[in-house]
>>> print(open('structure_32.cif').read())   # mmCIF, N, CA and C atoms
data_my_file
loop_
_atom_site.label_atom_id
_atom_site.label_comp_id
_atom_site.auth_asym_id
_atom_site.auth_seq_id
_atom_site.Cartn_x
_atom_site.Cartn_y
_atom_site.Cartn_z
N MET A 1 189.90 125.12 78.71
CA MET A 1 190.83 125.85 79.55
C MET A 1 190.03 126.66 80.58
N THR A 2 190.47 126.64 81.82
CA THR A 2 189.83 127.38 82.89
C THR A 2 190.37 128.79 82.92
N SER A 3 189.47 129.77 83.02
CA SER A 3 189.97 131.15 83.11
C SER A 3 190.47 131.40 84.51
N THR A 4 191.52 132.22 84.59
CA THR A 4 192.08 132.57 85.89
C THR A 4 192.16 134.07 86.00
N TYR A 5 192.24 134.51 87.20
CA TYR A 5 192.38 135.93 87.51
C TYR A 5 193.79 136.15 88.02
N GLU A 6 194.43 137.18 87.54
CA GLU A 6 195.74 137.57 88.03
C GLU A 6 195.60 138.99 88.55
N ALA A 7 196.09 139.23 89.76
CA ALA A 7 195.98 140.56 90.37
C ALA A 7 196.48 141.62 89.40
N GLY A 8 195.71 142.68 89.27
CA GLY A 8 196.09 143.78 88.41
C GLY A 8 195.84 143.53 86.94
N SER A 9 195.22 142.40 86.57
CA SER A 9 195.04 142.08 85.15
C SER A 9 193.78 142.67 84.56
N GLY A 10 192.89 143.21 85.38
CA GLY A 10 191.68 143.78 84.80
C GLY A 10 190.82 144.44 85.85
N PRO A 11 190.26 145.58 85.52
CA PRO A 11 189.45 146.31 86.49
C PRO A 11 188.13 145.63 86.79
N GLU A 12 187.71 144.68 85.95
CA GLU A 12 186.42 144.03 86.18
C GLU A 12 186.47 143.03 87.32
N GLN A 13 187.67 142.65 87.78
CA GLN A 13 187.80 141.69 88.85
C GLN A 13 188.08 142.40 90.17
N ALA A 14 187.42 142.00 91.23
CA ALA A 14 187.69 142.55 92.56
C ALA A 14 188.87 141.80 93.16
N ALA A 15 189.65 142.50 93.96
CA ALA A 15 190.73 141.85 94.69
C ALA A 15 190.14 140.98 95.78
N VAL A 16 190.73 139.83 96.00
CA VAL A 16 190.27 138.88 97.01
C VAL A 16 191.41 138.63 97.99
N LEU A 17 191.04 138.45 99.25
CA LEU A 17 192.00 138.16 100.31
C LEU A 17 191.65 136.85 100.99
N THR A 18 192.66 136.19 101.52
CA THR A 18 192.43 135.16 102.52
C THR A 18 192.85 135.77 103.85
N VAL A 19 192.07 135.54 104.88
CA VAL A 19 192.32 136.14 106.19
C VAL A 19 192.35 135.01 107.21
N LEU A 20 193.43 134.95 107.97
CA LEU A 20 193.65 133.88 108.93
C LEU A 20 193.47 134.37 110.35
N THR A 21 192.81 133.55 111.16
CA THR A 21 192.78 133.74 112.60
C THR A 21 192.90 132.38 113.26
N THR A 22 193.15 132.38 114.56
CA THR A 22 193.20 131.14 115.33
C THR A 22 192.37 131.32 116.60
N THR A 23 191.93 130.20 117.14
CA THR A 23 191.20 130.21 118.40
C THR A 23 191.46 128.90 119.13
N ASP A 24 191.07 128.83 120.39
CA ASP A 24 191.49 127.71 121.22
C ASP A 24 190.54 126.52 121.29
N THR A 25 189.40 126.56 120.62
CA THR A 25 188.52 125.39 120.59
C THR A 25 187.88 125.25 119.20
N ALA A 26 187.53 124.02 118.88
CA ALA A 26 186.85 123.76 117.61
C ALA A 26 185.50 124.47 117.56
N ARG A 27 184.80 124.52 118.67
CA ARG A 27 183.48 125.18 118.73
C ARG A 27 183.60 126.67 118.43
N LYS A 28 184.61 127.33 119.04
CA LYS A 28 184.82 128.75 118.78
C LYS A 28 185.19 128.98 117.31
N ALA A 29 185.99 128.09 116.75
CA ALA A 29 186.34 128.21 115.33
C ALA A 29 185.09 128.12 114.46
N GLN A 30 184.23 127.16 114.77
CA GLN A 30 182.97 127.00 114.03
C GLN A 30 182.10 128.25 114.16
N ASP A 31 182.03 128.80 115.36
CA ASP A 31 181.22 130.01 115.57
C ASP A 31 181.77 131.20 114.79
N LEU A 32 183.09 131.35 114.80
CA LEU A 32 183.70 132.45 114.03
C LEU A 32 183.45 132.26 112.54
N ALA A 33 183.62 131.04 112.06
CA ALA A 33 183.42 130.76 110.63
C ALA A 33 181.99 131.01 110.20
N SER A 34 181.05 130.42 110.91
CA SER A 34 179.64 130.57 110.50
C SER A 34 179.15 131.99 110.72
N GLY A 35 179.60 132.64 111.77
CA GLY A 35 179.19 134.02 112.03
C GLY A 35 179.66 134.99 110.97
N ALA A 36 180.90 134.83 110.52
CA ALA A 36 181.44 135.73 109.49
C ALA A 36 180.72 135.53 108.15
N VAL A 37 180.42 134.27 107.82
CA VAL A 37 179.69 134.00 106.58
C VAL A 37 178.27 134.55 106.67
N ALA A 38 177.62 134.34 107.81
CA ALA A 38 176.26 134.87 108.00
C ALA A 38 176.23 136.40 107.92
N ALA A 39 177.28 137.04 108.41
CA ALA A 39 177.36 138.51 108.38
C ALA A 39 177.81 139.04 107.02
N ARG A 40 178.11 138.15 106.08
CA ARG A 40 178.55 138.49 104.73
C ARG A 40 179.87 139.25 104.70
N VAL A 41 180.69 139.06 105.73
CA VAL A 41 182.04 139.64 105.71
C VAL A 41 183.05 138.62 105.19
N ALA A 42 182.60 137.39 105.00
CA ALA A 42 183.40 136.34 104.36
C ALA A 42 182.46 135.50 103.51
N ALA A 43 182.95 135.05 102.35
CA ALA A 43 182.15 134.19 101.48
C ALA A 43 182.24 132.74 101.93
N CYS A 44 183.36 132.41 102.56
CA CYS A 44 183.66 131.03 102.92
C CYS A 44 184.66 131.07 104.06
N ALA A 45 184.65 130.05 104.88
CA ALA A 45 185.66 129.91 105.92
C ALA A 45 185.98 128.43 106.07
N GLN A 46 187.25 128.13 106.19
CA GLN A 46 187.70 126.76 106.38
C GLN A 46 188.39 126.65 107.74
N ILE A 47 188.14 125.54 108.41
CA ILE A 47 188.69 125.31 109.74
C ILE A 47 189.68 124.14 109.65
N ALA A 48 190.87 124.35 110.22
CA ALA A 48 191.87 123.29 110.29
C ALA A 48 192.39 123.21 111.71
N GLY A 49 192.64 122.00 112.16
CA GLY A 49 193.21 121.89 113.49
C GLY A 49 192.91 120.55 114.10
N PRO A 50 193.43 120.35 115.25
CA PRO A 50 194.22 121.33 115.98
C PRO A 50 195.64 121.45 115.43
N VAL A 51 196.21 122.63 115.62
CA VAL A 51 197.60 122.90 115.34
C VAL A 51 198.25 123.28 116.66
N VAL A 52 199.56 123.18 116.73
CA VAL A 52 200.27 123.60 117.92
C VAL A 52 200.90 124.95 117.62
N SER A 53 200.58 125.95 118.44
CA SER A 53 201.15 127.28 118.30
C SER A 53 202.15 127.50 119.43
N VAL A 54 203.30 128.02 119.08
CA VAL A 54 204.32 128.38 120.06
C VAL A 54 204.56 129.88 119.88
N TYR A 55 204.45 130.63 120.97
CA TYR A 55 204.52 132.09 120.87
C TYR A 55 204.97 132.69 122.20
N ARG A 56 205.40 133.94 122.13
CA ARG A 56 205.77 134.67 123.33
C ARG A 56 204.57 135.54 123.72
N TRP A 57 204.16 135.45 124.98
CA TRP A 57 203.04 136.24 125.48
C TRP A 57 203.38 136.72 126.88
N GLU A 58 203.34 138.01 127.07
CA GLU A 58 203.62 138.63 128.36
C GLU A 58 204.92 138.10 128.97
N GLY A 59 205.96 138.02 128.11
CA GLY A 59 207.30 137.67 128.56
C GLY A 59 207.61 136.19 128.70
N ALA A 60 206.64 135.34 128.44
CA ALA A 60 206.87 133.89 128.58
C ALA A 60 206.61 133.19 127.25
N ILE A 61 207.34 132.10 127.03
CA ILE A 61 207.09 131.27 125.86
C ILE A 61 205.91 130.36 126.19
N GLU A 62 204.90 130.41 125.36
CA GLU A 62 203.67 129.63 125.55
C GLU A 62 203.53 128.60 124.43
N GLU A 63 202.79 127.56 124.69
CA GLU A 63 202.44 126.56 123.68
C GLU A 63 200.97 126.22 123.88
N ALA A 64 200.23 126.19 122.77
CA ALA A 64 198.79 125.93 122.89
C ALA A 64 198.28 125.19 121.66
N ARG A 65 197.24 124.39 121.87
CA ARG A 65 196.49 123.80 120.74
C ARG A 65 195.50 124.84 120.28
N GLU A 66 195.47 125.06 118.96
CA GLU A 66 194.55 126.03 118.40
C GLU A 66 193.96 125.48 117.11
N TRP A 67 192.87 126.11 116.69
CA TRP A 67 192.23 125.82 115.42
C TRP A 67 192.38 127.04 114.54
N GLN A 68 192.79 126.83 113.30
CA GLN A 68 192.94 127.93 112.35
C GLN A 68 191.64 128.08 111.56
N VAL A 69 191.27 129.32 111.33
CA VAL A 69 190.12 129.61 110.48
C VAL A 69 190.62 130.50 109.36
N LEU A 70 190.41 130.06 108.11
CA LEU A 70 190.85 130.79 106.93
C LEU A 70 189.61 131.29 106.20
N PHE A 71 189.46 132.61 106.18
CA PHE A 71 188.30 133.26 105.55
C PHE A 71 188.67 133.70 104.15
N LYS A 72 187.72 133.67 103.22
CA LYS A 72 187.87 134.25 101.89
C LYS A 72 186.95 135.45 101.81
N THR A 73 187.50 136.61 101.45
CA THR A 73 186.70 137.82 101.39
C THR A 73 187.20 138.75 100.30
N ALA A 74 186.35 139.66 99.88
CA ALA A 74 186.76 140.71 98.95
C ALA A 74 187.61 141.71 99.71
N ALA A 75 188.63 142.24 99.07
CA ALA A 75 189.51 143.21 99.73
C ALA A 75 188.71 144.40 100.25
N SER A 76 187.66 144.77 99.54
CA SER A 76 186.82 145.90 99.97
C SER A 76 186.07 145.62 101.27
N ARG A 77 186.00 144.35 101.67
CA ARG A 77 185.29 143.97 102.90
C ARG A 77 186.24 143.65 104.05
N TYR A 78 187.56 143.83 103.82
CA TYR A 78 188.52 143.48 104.87
C TYR A 78 188.25 144.23 106.17
N GLU A 79 188.06 145.53 106.11
CA GLU A 79 187.86 146.31 107.34
C GLU A 79 186.64 145.81 108.11
N ALA A 80 185.58 145.47 107.39
CA ALA A 80 184.37 144.95 108.05
C ALA A 80 184.65 143.59 108.69
N LEU A 81 185.41 142.72 107.99
CA LEU A 81 185.75 141.42 108.55
C LEU A 81 186.65 141.58 109.78
N GLU A 82 187.65 142.45 109.69
CA GLU A 82 188.53 142.66 110.84
C GLU A 82 187.75 143.18 112.04
N ALA A 83 186.87 144.14 111.82
CA ALA A 83 186.06 144.68 112.92
C ALA A 83 185.17 143.59 113.50
N TRP A 84 184.57 142.78 112.64
CA TRP A 84 183.70 141.70 113.11
C TRP A 84 184.50 140.70 113.95
N LEU A 85 185.68 140.30 113.44
CA LEU A 85 186.51 139.34 114.18
C LEU A 85 186.98 139.91 115.51
N THR A 86 187.38 141.16 115.51
CA THR A 86 187.84 141.79 116.75
C THR A 86 186.74 141.79 117.80
N GLU A 87 185.51 142.03 117.38
CA GLU A 87 184.37 142.04 118.30
C GLU A 87 184.00 140.62 118.74
N ALA A 88 184.00 139.68 117.82
CA ALA A 88 183.52 138.32 118.11
C ALA A 88 184.56 137.45 118.81
N HIS A 89 185.82 137.76 118.64
CA HIS A 89 186.92 136.92 119.16
C HIS A 89 187.11 137.17 120.65
N ASP A 90 187.46 136.11 121.39
CA ASP A 90 187.67 136.28 122.84
C ASP A 90 189.14 136.43 123.23
N TYR A 91 190.05 136.41 122.27
CA TYR A 91 191.46 136.65 122.59
C TYR A 91 191.68 138.15 122.80
N ASP A 92 192.62 138.51 123.69
CA ASP A 92 192.98 139.91 123.89
C ASP A 92 193.56 140.51 122.62
N THR A 93 194.42 139.74 121.95
CA THR A 93 195.07 140.18 120.71
C THR A 93 194.94 139.05 119.69
N PRO A 94 193.80 138.95 119.02
CA PRO A 94 193.64 137.84 118.08
C PRO A 94 194.54 138.00 116.86
N GLU A 95 195.03 136.88 116.38
CA GLU A 95 195.76 136.88 115.12
C GLU A 95 194.77 137.15 114.01
N ILE A 96 195.02 138.20 113.25
CA ILE A 96 194.21 138.51 112.07
C ILE A 96 195.20 138.94 110.99
N ILE A 97 195.44 138.04 110.03
CA ILE A 97 196.43 138.27 109.00
C ILE A 97 195.77 138.11 107.64
N ALA A 98 195.92 139.10 106.78
CA ALA A 98 195.34 139.06 105.44
C ALA A 98 196.44 138.84 104.40
N THR A 99 196.16 137.97 103.45
CA THR A 99 197.07 137.69 102.35
C THR A 99 196.31 137.87 101.05
N PRO A 100 196.86 138.64 100.11
CA PRO A 100 196.16 138.81 98.83
C PRO A 100 196.20 137.55 97.99
N VAL A 101 195.12 137.30 97.28
CA VAL A 101 195.07 136.21 96.31
C VAL A 101 195.56 136.81 94.99
N VAL A 102 196.68 136.32 94.51
CA VAL A 102 197.27 136.91 93.30
C VAL A 102 196.84 136.19 92.03
N ARG A 103 196.37 134.98 92.15
CA ARG A 103 195.82 134.25 91.00
C ARG A 103 194.74 133.33 91.50
N GLY A 104 193.78 133.05 90.63
CA GLY A 104 192.72 132.12 90.99
C GLY A 104 191.70 132.00 89.89
N SER A 105 190.81 131.07 90.04
CA SER A 105 189.73 130.88 89.10
C SER A 105 188.85 132.13 89.09
N ALA A 106 188.63 132.69 87.93
CA ALA A 106 187.80 133.90 87.82
C ALA A 106 186.40 133.66 88.38
N ALA A 107 185.83 132.50 88.10
CA ALA A 107 184.48 132.21 88.59
C ALA A 107 184.45 132.17 90.12
N TYR A 108 185.44 131.56 90.74
CA TYR A 108 185.49 131.48 92.20
C TYR A 108 185.68 132.87 92.80
N LEU A 109 186.59 133.65 92.26
CA LEU A 109 186.86 134.98 92.81
C LEU A 109 185.66 135.91 92.63
N GLU A 110 184.95 135.78 91.53
CA GLU A 110 183.72 136.55 91.33
C GLU A 110 182.66 136.12 92.36
N TRP A 111 182.59 134.82 92.65
CA TRP A 111 181.66 134.32 93.66
C TRP A 111 181.98 134.93 95.02
N VAL A 112 183.26 135.01 95.40
CA VAL A 112 183.66 135.61 96.66
C VAL A 112 183.15 137.04 96.74
N GLU A 113 183.33 137.79 95.66
CA GLU A 113 182.87 139.18 95.67
C GLU A 113 181.34 139.25 95.81
N ARG A 114 180.63 138.42 95.07
CA ARG A 114 179.15 138.43 95.15
C ARG A 114 178.67 138.11 96.56
N GLU A 115 179.28 137.11 97.19
CA GLU A 115 178.83 136.65 98.51
C GLU A 115 179.19 137.59 99.64
N THR A 116 180.09 138.53 99.40
CA THR A 116 180.48 139.48 100.44
C THR A 116 179.99 140.89 100.13
N ALA A 117 179.22 141.04 99.07
CA ALA A 117 178.70 142.37 98.70
C ALA A 117 177.80 142.92 99.79
N GLU A 118 177.93 144.21 100.03
CA GLU A 118 177.10 144.85 101.07
C GLU A 118 175.68 145.02 100.58
#
>>> encode(input="structure_32.cif", output="structure tokens")
Amino acid sequence: MTSTYEAGSGPEQAAVLTVLTTTDTARKAQDLASGAVAARVAACAQIAGPVVSVYRWEGAIEEAREWQVLFKTAASRYEALEAWLTEAHDYDTPEIIATPVVRGSAAYLEWVERETAE
């Protein structure tokens, strides 16, 4: 049986987040992913795309091809990851959305915490 972590089930486990952003080229997505991992503000980043985004910007409905980058980080490192993304991203208002991981493999979640430790 594989051990799992459930949020709030034990103080020995750190909370983990997935953090999503988007960008307009595959190269920029790769740079954001590798830069965040190198800076230890994310343990891992996955790139998916292109996706089509439809949104309202400055009063107009826009449509764009974008690449999604999904970062895995310890909750204690969220502020550092957000600051890093805000600085590294070229969008005026980059999408930065964090979602808590409520269950997962204990070994994987412990790895995320180790890889993002300051």
>>> closest_residue(input="structure_32.cif", among="A:Val37, A:Ala88, A:Ala43, A:Ala64", to="Arg114 in chain A", atoms="all atoms listed in the file")
A:Ala43
>>> select_by_dssp(input="structure_32.cif", residues="range 31-93 of chain A", states="strand (DSSP E or B)", output="PyMOL selection string")
chain A and resi 44-57+60-74
>>> residues_around(input="structure_32.cif", residues="Val16 in chain A", least_positions_apart="2", cutoff="9 Å", atoms="only C-alpha atoms", output="PyMOL selection string")
chain A and resi 7+13-14+18+72-76+99-102+109-110+112-113
>>> resolve_selection(input="structure_32.cif", expression="the PyMOL selection byres ((chain A and resi 68-70) around 6.5)", output="JSON, numbers by chain")
{"A": [18, 19, 20, 21, 22, 23, 29, 44, 45, 46, 47, 48, 49, 50, 51, 66, 67, 71, 72]}
>>> atom_distance(input="structure_32.cif", atom1="CA of Leu17 in chain A", atom2="CA of Ala98 in chain A")
6.2 Å
>>> atom_distance(input="structure_32.cif", atom1="atom N of Ile61 in chain A", atom2="atom N of Tyr91 in chain A")
18.4 Å
>>> atom_distance(input="structure_32.cif", atom1="atom N of Asp31 in chain A", atom2="CA of Glu95 in chain A")
15.9 Å
>>> closest_residue(input="structure_32.cif", among="A:Thr25, A:Ala117, A:Ala39, A:Leu32", to="Thr86 in chain A", atoms="only C-alpha atoms")
A:Leu32
>>> closest_residue(input="structure_32.cif", among="A:Arg103, A:Leu81, A:Asp24, A:Asp92", to="Arg65 in chain A", atoms="all atoms listed in the file")
A:Asp24
>>> closest_residue(input="structure_32.cif", among="A:Lys28, A:Ala106, A:Ser53, A:Val41", to="Ala83 in chain A", atoms="only C-alpha atoms")
A:Val41
>>> select_by_dssp(input="structure_32.cif", residues="chain A", states="helix (DSSP H, G or I)", output="number ranges by chain")
A: 26-38, 75-88, 106-115
>>> write_last_selection(input="structure_32.cif", atoms="N, CA and C atoms", output="short mmCIF file (atom, residue, chain, number, x, y, z; two decimals), keeping the file's coordinate frame")
data_model
loop_
_atom_site.label_atom_id
_atom_site.label_comp_id
_atom_site.auth_asym_id
_atom_site.auth_seq_id
_atom_site.Cartn_x
_atom_site.Cartn_y
_atom_site.Cartn_z
N ALA A 26 187.53 124.02 118.88
CA ALA A 26 186.85 123.76 117.61
C ALA A 26 185.50 124.47 117.56
N ARG A 27 184.80 124.52 118.67
CA ARG A 27 183.48 125.18 118.73
C ARG A 27 183.60 126.67 118.43
N LYS A 28 184.61 127.33 119.04
CA LYS A 28 184.82 128.75 118.78
C LYS A 28 185.19 128.98 117.31
N ALA A 29 185.99 128.09 116.75
CA ALA A 29 186.34 128.21 115.33
C ALA A 29 185.09 128.12 114.46
N GLN A 30 184.23 127.16 114.77
CA GLN A 30 182.97 127.00 114.03
C GLN A 30 182.10 128.25 114.16
N ASP A 31 182.03 128.80 115.36
CA ASP A 31 181.22 130.01 115.57
C ASP A 31 181.77 131.20 114.79
N LEU A 32 183.09 131.35 114.80
CA LEU A 32 183.70 132.45 114.03
C LEU A 32 183.45 132.26 112.54
N ALA A 33 183.62 131.04 112.06
CA ALA A 33 183.42 130.76 110.63
C ALA A 33 181.99 131.01 110.20
N SER A 34 181.05 130.42 110.91
CA SER A 34 179.64 130.57 110.50
C SER A 34 179.15 131.99 110.72
N GLY A 35 179.60 132.64 111.77
CA GLY A 35 179.19 134.02 112.03
C GLY A 35 179.66 134.99 110.97
N ALA A 36 180.90 134.83 110.52
CA ALA A 36 181.44 135.73 109.49
C ALA A 36 180.72 135.53 108.15
N VAL A 37 180.42 134.27 107.82
CA VAL A 37 179.69 134.00 106.58
C VAL A 37 178.27 134.55 106.67
N ALA A 38 177.62 134.34 107.81
CA ALA A 38 176.26 134.87 108.00
C ALA A 38 176.23 136.40 107.92
N ALA A 75 188.63 142.24 99.07
CA ALA A 75 189.51 143.21 99.73
C ALA A 75 188.71 144.40 100.25
N SER A 76 187.66 144.77 99.54
CA SER A 76 186.82 145.90 99.97
C SER A 76 186.07 145.62 101.27
N ARG A 77 186.00 144.35 101.67
CA ARG A 77 185.29 143.97 102.90
C ARG A 77 186.24 143.65 104.05
N TYR A 78 187.56 143.83 103.82
CA TYR A 78 188.52 143.48 104.87
C TYR A 78 188.25 144.23 106.17
N GLU A 79 188.06 145.53 106.11
CA GLU A 79 187.86 146.31 107.34
C GLU A 79 186.64 145.81 108.11
N ALA A 80 185.58 145.47 107.39
CA ALA A 80 184.37 144.95 108.05
C ALA A 80 184.65 143.59 108.69
N LEU A 81 185.41 142.72 107.99
CA LEU A 81 185.75 141.42 108.55
C LEU A 81 186.65 141.58 109.78
N GLU A 82 187.65 142.45 109.69
CA GLU A 82 188.53 142.66 110.84
C GLU A 82 187.75 143.18 112.04
N ALA A 83 186.87 144.14 111.82
CA ALA A 83 186.06 144.68 112.92
C ALA A 83 185.17 143.59 113.50
N TRP A 84 184.57 142.78 112.64
CA TRP A 84 183.70 141.70 113.11
C TRP A 84 184.50 140.70 113.95
N LEU A 85 185.68 140.30 113.44
CA LEU A 85 186.51 139.34 114.18
C LEU A 85 186.98 139.91 115.51
N THR A 86 187.38 141.16 115.51
CA THR A 86 187.84 141.79 116.75
C THR A 86 186.74 141.79 117.80
N GLU A 87 185.51 142.03 117.38
CA GLU A 87 184.37 142.04 118.30
C GLU A 87 184.00 140.62 118.74
N ALA A 88 184.00 139.68 117.82
CA ALA A 88 183.52 138.32 118.11
C ALA A 88 184.56 137.45 118.81
N ALA A 106 188.63 132.69 87.93
CA ALA A 106 187.80 133.90 87.82
C ALA A 106 186.40 133.66 88.38
N ALA A 107 185.83 132.50 88.10
CA ALA A 107 184.48 132.21 88.59
C ALA A 107 184.45 132.17 90.12
N TYR A 108 185.44 131.56 90.74
CA TYR A 108 185.49 131.48 92.20
C TYR A 108 185.68 132.87 92.80
N LEU A 109 186.59 133.65 92.26
CA LEU A 109 186.86 134.98 92.81
C LEU A 109 185.66 135.91 92.63
N GLU A 110 184.95 135.78 91.53
CA GLU A 110 183.72 136.55 91.33
C GLU A 110 182.66 136.12 92.36
N TRP A 111 182.59 134.82 92.65
CA TRP A 111 181.66 134.32 93.66
C TRP A 111 181.98 134.93 95.02
N VAL A 112 183.26 135.01 95.40
CA VAL A 112 183.66 135.61 96.66
C VAL A 112 183.15 137.04 96.74
N GLU A 113 183.33 137.79 95.66
CA GLU A 113 182.87 139.18 95.67
C GLU A 113 181.34 139.25 95.81
N ARG A 114 180.63 138.42 95.07
CA ARG A 114 179.15 138.43 95.15
C ARG A 114 178.67 138.11 96.56
N GLU A 115 179.28 137.11 97.19
CA GLU A 115 178.83 136.65 98.51
C GLU A 115 179.19 137.59 99.64
#
